[in-house]
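**Q** Dropping a structure here in structure tokens format, bear with me for questions.
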Amino acid sequence: MQVTIIGAGNVGTQLAVHYASRGATVKIYSSKPQLFQTELQIIDDVGTILAKGSPQLVTDSLAAAVSGSELILITVPAFLVDRLAKELIPHLKAGMKVGLIPGSGGGELAFKEALAKGVVIFGLQRVPSVARLKEYGHIVVASGYRPSLHLAALPQ
């Protein structure tokens, strides 16, 4: 599976590591790709490594980041979603799945044109855990993983 993570902060880095550590091909869209290390890590509060993974690509090109991806996870702040949607929609194709994490209201409106193209839009109720960057582009500290999350999708 090819996954694109848009947003390389706390949650984006965490998700990138989890997907890469499970064998997915991961691309990250970041405004600062030059700051990324080859291997990313998730650690707990005492420094124990929970997971490691290496993205295939870290880029500031939205087109390169989403090309060929089946799943696109958006982890930018809610106030950036409208602007991002306008830039992202031209690169989306039918069958792609685009997730907002967390799924704050309005994502379905921002991606209305994507829905018309046959893209699935979904949102998670909240983030999977508490996550804080220890070192941008390298290490994220995660704790309090939730045992389950609610998801809503359009189309259903």
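All residue names refer to the structure tokens as shown: chains lettered A, B, ... in order, residues numbered from 1 in each chain, ligands numbered from 1 in order.
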Just the strand (DSSP E or B) stuff from chain A, please, per backbone DSSP, written as an NGL selection string.
**A** :A and (2-6 or 25-29 or 40-43 or 49-53 or 57-59 or 71-74 or 97-100 or 120-124 or 130-135 or 139-143 or 151-154)
**Q** Any idea what's packed within 8 Å of Leu124 of chain A, counting only C-alpha atoms, ignoring anything in its chain fewer than 4 positions away? Could you give it as a list of chain:residue names?
**A**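 So, after excluding close chain neighbours, the residues are A:Gly99, A:Leu100, A:Ile101, A:Pro102, A:Gly103, A:Leu149, A:His150, A:Leu151, A:Ala152.
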**Q** Could you pull the residues within 10 Å of Leu88 of chain A, counting only C-alpha atoms, minus those fewer than 5 positions along the same chain, as a list of chain:residue names?
**A**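 My reading of the contact set: A:Leu62, A:Ala63, A:Val66, A:Val81, A:Asp82, A:Arg83, A:Phe111, A:Ala114.
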**Q** Just to confirm, what's the straight-line distance from atom CA of Tyr136 of chain A to atom CA of Glu39 of chain A in Å (one decimal)?
**A**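 Separation between atom CA of Tyr136 of chain A and atom CA of Glu39 of chain A: 12.0 Å.
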**Q** At a cut-off of 9 Å, can you tabulate as a tab-separated table every residue of segment 54-127 of chain A near segment 25-31 of chain A together with its closest atom pair and the distance in Å to one decimal, using only C-alpha atoms and ordering rows by chain then number?
**A**
residue	atom	partner	partner_atom	distance
A:Ser54	CA	A:Val26	CA	7.8
A:Pro55	CA	A:Val26	CA	4.8
A:Gln56	CA	A:Val26	CA	5.6
A:Leu57	CA	A:Lys27	CA	4.7
A:Val58	CA	A:Ile28	CA	4.7
A:Thr59	CA	A:Tyr29	CA	5.2
A:Asp60	CA	A:Ser30	CA	5.2
A:Ser61	CA	A:Tyr29	CA	6.9
A:Leu62	CA	A:Tyr29	CA	6.4
A:Ala64	CA	A:Tyr29	CA	8.6
A:Ala65	CA	A:Lys27	CA	5.7
A:Val66	CA	A:Lys27	CA	7.7
A:Ser69	CA	A:Lys27	CA	8.5
**Q** Leaving out Val46 of chain A and any residue of its chain fewer than 6 positions from it, which residues lie within 12 Å of it when counting only C-alpha atoms, given as a list in words?
**A** Val141, Ala142 and Ser143 of chain A
**Q** Just the number, please: distance in Å from atom CA of Pro147 of chain A to atom CA of His18 of chain A, one decimal.
**A**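 It comes out at 15.4 Å.
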**Q** Looking only at the backbone, which of the residues in segment 31-154 of chain A does DSSP tag as helix (DSSP H, G or I), as a ChimeraX atom specification?
**A** /A:33-35,62-66,78-91,107-110,112-116
**Q** Quick one, how far is atom CA of Gly23 of chain A from atom CA of Leu115 of chain A?
**A**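 Taking atom CA of Gly23 of chain A and atom CA of Leu115 of chain A, their separation equals 28.5 Å.
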**Q** Show me, as a count of residues only, the residues that have an atom within 9 Å of Leu133 of chain A when counting only C-alpha atoms, minus same-chain residues fewer than 2 positions from it.
**A** 14
**Q** So, with only C-alpha atoms as the atoms that count, which of A:Ser67, A:Thr48, A:Thr75, A:Gln156 lies closest to Val127 of chain A?
**A**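 Using only C-alpha atoms, Val127 of chain A sits closest to A:Thr75.
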**Q** Which one of A:Lys112, A:Lys134, A:Arg126, A:His91 sits closest to Ile43 of chain A if you count only C-alpha atoms?
**A**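 When distances to Ile43 of chain A are compared using only C-alpha atoms, the smallest one comes from A:Lys134.
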**Q** Find the residues around Met96 of chain A up to 10 Å (only C-alpha atoms counted), leave out those fewer than 6 positions away in its own chain, and share them as a list of chain:residue names.
**A** A:Val66, A:Gly68, A:Ser69, A:Glu70, A:Leu71, A:Ile72, A:Ala114, A:Lys117, A:Gly118, A:Val119, A:Val120, A:Ile121
**Q** Counting only C-alpha atoms, which of A:Val17, A:Leu154, A:Ala116, A:Ala8 gets nearest to Leu50 of chain A?
**A**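 Of all the options, A:Val17 lies closest to Leu50 of chain A.
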